[in-house]
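Structure data (PDB, C-alpha atoms) from target27.pdb:
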```
MODEL        1
ATOM      1  CA  MET A1132     184.165  66.492 -11.100
ATOM      2  CA  PRO A1133     180.483  67.463 -11.050
ATOM      3  CA  GLY A1134     179.547  70.648  -9.258
ATOM      4  CA  PRO A1135     177.093  70.923  -6.409
ATOM      5  CA  LYS A1136     173.415  70.192  -6.992
ATOM      6  CA  TYR A1137     171.310  73.316  -7.483
ATOM      7  CA  ASP A1138     167.689  73.660  -6.356
ATOM      8  CA  ILE A1139     166.054  75.079  -9.486
ATOM      9  CA  GLU A1140     162.555  74.630  -8.109
ATOM     10  CA  GLY A1141     163.445  76.555  -4.938
ATOM     11  CA  ALA A1142     165.046  79.360  -6.946
ATOM     12  CA  ILE A1143     161.940  79.732  -9.130
ATOM     13  CA  PHE A1144     159.743  79.694  -6.022
ATOM     14  CA  ILE A1145     161.794  82.566  -4.584
ATOM     15  CA  ARG A1146     161.427  84.524  -7.835
ATOM     16  CA  PHE A1147     157.644  84.360  -7.382
ATOM     17  CA  ALA A1148     158.104  86.240  -4.117
ATOM     18  CA  MET A1149     160.534  88.734  -5.636
ATOM     19  CA  VAL A1150     158.812  89.548  -8.922
ATOM     20  CA  GLY A1151     156.564  92.591  -8.849
ATOM     21  CA  ARG A1152     152.865  92.239  -8.256
ATOM     22  CA  PRO A1153     152.032  93.862 -11.638
ATOM     23  CA  VAL A1154     153.827  90.996 -13.412
ATOM     24  CA  LEU A1155     151.770  88.356 -11.613
ATOM     25  CA  ASN A1156     148.612  90.408 -12.174
ATOM     26  CA  GLY A1157     149.420  90.533 -15.892
ATOM     27  CA  LEU A1158     149.813  86.759 -16.050
ATOM     28  CA  ALA A1159     146.540  86.270 -14.168
ATOM     29  CA  ALA A1160     144.572  88.797 -16.270
ATOM     30  CA  LYS A1161     143.964  90.795 -13.091
ATOM     31  CA  GLY A1162     145.834  93.936 -14.112
ATOM     32  CA  GLN A1163     144.469  97.257 -15.268
ATOM     33  CA  ARG A1164     143.469  95.937 -18.684
ATOM     34  CA  ARG A1165     141.900  92.711 -17.314
ATOM     35  CA  ARG A1166     143.635  90.717 -20.037
ATOM     36  CA  ARG A1167     146.699  88.536 -19.969
ATOM     37  CA  ASP A1168     149.751  90.539 -20.839
ATOM     38  CA  PRO A1169     152.356  88.635 -22.913
ATOM     39  CA  GLN A1170     155.032  91.118 -21.805
ATOM     40  CA  CYS A1171     154.662  89.821 -18.244
ATOM     41  CA  SER A1172     155.740  86.319 -19.276
ATOM     42  CA  ILE A1173     158.812  87.821 -20.946
ATOM     43  CA  LEU A1174     159.693  89.854 -17.849
ATOM     44  CA  PHE A1175     159.186  86.911 -15.507
ATOM     45  CA  ALA A1176     161.218  84.542 -17.711
ATOM     46  CA  ARG A1177     164.051  87.085 -17.864
ATOM     47  CA  ASP A1178     163.953  87.481 -14.076
ATOM     48  CA  ILE A1179     164.097  83.720 -13.492
ATOM     49  CA  VAL A1180     166.931  83.109 -15.971
ATOM     50  CA  THR A1181     168.979  85.992 -14.559
ATOM     51  CA  ALA A1182     168.615  84.555 -11.051
ATOM     52  CA  LEU A1183     169.451  81.007 -12.166
ATOM     53  CA  ARG A1184     172.482  82.079 -14.206
ATOM     54  CA  ALA A1185     174.178  83.374 -11.051
ATOM     55  CA  GLN A1186     174.906  79.720 -10.184
ATOM     56  CA  ILE A1187     174.178  77.472 -13.159
ATOM     57  CA  GLY A1188     174.482  77.288 -16.915
ATOM     58  CA  PHE A1189     172.424  75.567 -19.576
ATOM     59  CA  ARG A1190     173.496  73.197 -22.348
ATOM     60  CA  ARG A1191     171.671  71.470 -25.159
ATOM     61  CA  ASP A1192     173.402  68.600 -26.950
ATOM     62  CA  GLY A1193     176.623  69.421 -25.105
ATOM     63  CA  GLU A1194     176.732  73.013 -26.366
ATOM     64  CA  ALA A1195     176.238  76.018 -24.092
ATOM     65  CA  VAL A1196     172.936  77.777 -24.710
ATOM     66  CA  GLU A1197     172.488  81.538 -24.786
ATOM     67  CA  ASP A1198     170.340  83.089 -22.068
ATOM     68  CA  ALA A1199     167.928  84.383 -24.728
ATOM     69  CA  THR A1200     167.163  80.802 -25.790
ATOM     70  CA  VAL A1201     166.425  79.743 -22.223
ATOM     71  CA  GLN A1202     164.337  82.880 -21.671
ATOM     72  CA  GLU A1203     162.248  82.189 -24.771
ATOM     73  CA  PHE A1204     161.700  78.564 -23.724
ATOM     74  CA  LEU A1205     160.703  79.643 -20.228
ATOM     75  CA  ARG A1206     158.496  82.453 -21.576
ATOM     76  CA  ALA A1207     156.535  79.911 -23.606
ATOM     77  CA  ALA A1208     156.269  77.584 -20.589
ATOM     78  CA  ILE A1209     155.019  80.425 -18.387
ATOM     79  CA  TRP A1210     152.494  81.505 -21.003
ATOM     80  CA  GLU A1211     151.113  77.938 -21.136
ATOM     81  CA  ILE A1212     150.189  78.103 -17.442
ATOM     82  CA  PRO A1213     146.380  78.340 -17.342
ATOM     83  CA  VAL A1214     144.913  81.696 -16.342
ATOM     84  CA  GLU A1215     143.049  80.005 -13.485
ATOM     85  CA  ASP A1216     146.342  78.797 -11.962
ATOM     86  CA  CYS A1217     147.857  82.256 -12.334
ATOM     87  CA  ALA A1218     144.804  83.830 -10.709
ATOM     88  CA  VAL A1219     145.516  81.831  -7.547
ATOM     89  CA  LEU A1220     148.972  83.476  -7.458
ATOM     90  CA  VAL A1221     147.424  86.881  -6.832
ATOM     91  CA  GLY A1222     144.761  85.705  -4.395
ATOM     92  CA  ILE A1223     144.379  86.998  -0.856
ATOM     93  CA  ASP A1224     144.740  83.685   0.988
ATOM     94  CA  ALA A1225     148.420  82.743   1.354
ATOM     95  CA  THR A1226     147.897  78.984   1.728
ATOM     96  CA  PRO A1227     146.552  78.261  -1.779
ATOM     97  CA  ARG A1228     148.796  80.985  -3.205
ATOM     98  CA  ASP A1229     151.956  79.328  -1.851
ATOM     99  CA  ALA A1230     150.740  75.880  -2.920
ATOM    100  CA  ALA A1231     150.206  77.209  -6.457
ATOM    101  CA  LYS A1232     153.658  78.820  -6.457
ATOM    102  CA  ARG A1233     155.219  75.534  -5.355
ATOM    103  CA  HIS A1234     153.289  73.540  -7.980
ATOM    104  CA  ILE A1235     154.107  75.938 -10.825
ATOM    105  CA  SER A1236     157.757  76.178  -9.717
ATOM    106  CA  LYS A1237     158.004  72.401  -9.814
ATOM    107  CA  ARG A1238     156.480  72.216 -13.303
ATOM    108  CA  LEU A1239     158.770  74.934 -14.665
ATOM    109  CA  ALA A1240     161.866  73.329 -13.096
ATOM    110  CA  GLU A1241     160.948  69.937 -14.574
ATOM    111  CA  ARG A1242     160.501  71.460 -18.017
ATOM    112  CA  LEU A1243     163.864  73.231 -17.786
ATOM    113  CA  LYS A1244     165.617  70.022 -16.717
ATOM    114  CA  THR A1245     163.932  68.080 -19.521
ATOM    115  CA  GLU A1246     164.907  70.574 -22.216
ATOM    116  CA  PHE A1247     168.392  71.562 -21.025
ATOM    117  CA  GLU A1248     171.378  70.001 -19.320
ATOM    118  CA  ILE A1249     172.052  71.956 -16.143
ATOM    119  CA  PHE A1250     175.665  72.457 -15.077
ATOM    120  CA  HIS A1251     177.415  74.314 -12.294
ATOM    121  CA  ALA A1252     178.675  77.669 -13.593
ATOM    122  CA  PRO A1253     178.799  80.371 -10.896
ATOM    123  CA  ALA A1254     178.852  83.894 -12.248
ATOM    124  CA  PHE A1255     181.451  85.093  -9.736
ATOM    125  CA  ARG A1256     184.241  82.614  -9.219
ATOM    126  CA  HIS A1257     187.759  82.903  -7.977
ATOM    127  CA  GLY A1258     189.984  80.731 -10.106
ATOM    128  CA  ASP A1259     192.136  77.980  -8.673
ATOM    129  CA  SER A1260     195.032  80.451  -8.583
ATOM    130  CA  GLY A1261     193.099  82.723  -6.244
ATOM    131  CA  THR A1262     192.244  85.409  -8.753
ATOM    132  CA  GLY A1263     189.032  86.045 -10.568
ATOM    133  CA  PRO A1264     186.577  88.782 -11.406
ATOM    134  CA  LEU A1265     186.659  89.993  -7.799
ATOM    135  CA  GLY A1266     190.426  90.194  -7.600
ATOM    136  CA  PRO A1267     192.845  88.220  -5.443
ATOM    137  CA  ARG A1268     191.620  86.564  -2.261
ATOM    138  CA  GLY A1269     192.767  87.670   1.081
TER     139      GLY A1269
ENDMDL
END
```
This structure in C-alpha cells:
Amino acid sequence: MPGPKYDIEGAIFIRFAMVGRPVLNGLAAKGQRRRRDPQCSILFARDIVTALRAQIGFRRDGEAVEDATVQEFLRAAIWEIPVEDCAVLVGIDATPRDAAKRHISKRLAERLKTEFEIFHAPAFRHGDSGTGPLGPRG
C-alpha cells in the first residue's frame, strides 16, 4: 500500500524561509567576502535533506540511498543555480523573492524526483502493535 503523497516542493520552499540569511547571502555572493561560498550549498543541502527525511526516504534502483548521497546530489543542484537567481533570494522586495523561492524549489524538487524514487518513511512511527520509538500509545 503506497504511503501518502509528500509535497517536496513545499518543504523546500519552507526551508528557504528557515535557513539563515548568511547561507542565502553566501549562495548569492552577497556575504562578507562578496564571493559565492561553496560551504553554503553544503549547509543548505544538509538542511533540506534533514527536513525531508522526517517524512520520506530516497531510493535509487530499488535500493535505499544514504542521506550523504542525496545531500551531495542536492548540493550540486543548488550550486548550479545561477548567481543572479540567488541574488533575488536576498533582495528587499518580497514579491520577486518569493517567486524566485517558488521557482527554485520547483526545480530542485523535480531534480530530486527525477534522480531518486521517493517513498513514505516517517522518522517517528508507532508500529502496528502500538509501540515504536516514542513508546506505547495511550
A:Asp1192: which residues within 12 Å, counting all atoms listed in the file, same-chain residues fewer than 2 positions away excluded, as a PyMOL selection string?
-> chain A and resi 1189-1190+1194-1196+1246-1249
Rounded to one decimal place, report the atom CA of A:Ser1236-atom CA of A:Val1214 distance in Å.
->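 Between atom CA of A:Ser1236 and atom CA of A:Val1214 the gap is 15.5 Å.
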Explicit residues for the PyMOL selection byres ((chain A and resi 1140) around 6) (as a list in words) =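 On the file shown, the PyMOL selection byres ((chain A and resi 1140) around 6) covers Asp1138, Ile1139, Gly1141, Ala1142, Ile1143, Ser1236, Lys1237 and Ala1240 of chain A.
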With C-alpha atoms kept, could you save the residues just selected as a short mmCIF file (atom, residue, chain, number, x, y, z; two decimals), in the coordinates of the input?
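Generated output (again_34.cif):
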```cif
data_model
loop_
_atom_site.label_atom_id
_atom_site.label_comp_id
_atom_site.auth_asym_id
_atom_site.auth_seq_id
_atom_site.Cartn_x
_atom_site.Cartn_y
_atom_site.Cartn_z
CA ASP A 1138 167.69 73.66 -6.36
CA ILE A 1139 166.05 75.08 -9.49
CA GLY A 1141 163.44 76.56 -4.94
CA ALA A 1142 165.05 79.36 -6.95
CA ILE A 1143 161.94 79.73 -9.13
CA SER A 1236 157.76 76.18 -9.72
CA LYS A 1237 158.00 72.40 -9.81
CA ALA A 1240 161.87 73.33 -13.10
#
```
Given the PyMOL selection byres ((chain A and resi 1163-1171) around 10), the residues it picks as a ChimeraX atom specification | /A:1151,1153-1162,1172-1177,1206-1207,1209-1210,1214,1217
Between atom CA of A:Leu1239 and atom CA of A:Pro1213, distance in Å (one decimal) |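 Computing the Euclidean distance for atom CA of A:Leu1239 and atom CA of A:Pro1213 yields 13.1 Å.
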Nearest to A:Lys1136: which of A:Glu1241, A:Val1219, A:Ile1187, A:Ala1208 is it, counting only C-alpha atoms?
->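 For A:Lys1136, the nearest of the candidates is A:Ile1187.
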Box centre and edge lengths (Å, one decimal), axis-aligned, stretch 1182-1188 of chain A plus 5 Å each side, as JSON:
```
{"center_x": 171.8, "center_y": 80.9, "center_z": -13.5, "size_x": 16.3, "size_y": 17.3, "size_z": 16.7}
```
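Between atom CA of A:Arg1233 and atom CA of A:Pro1253 there is a distance of 24.7 Å.
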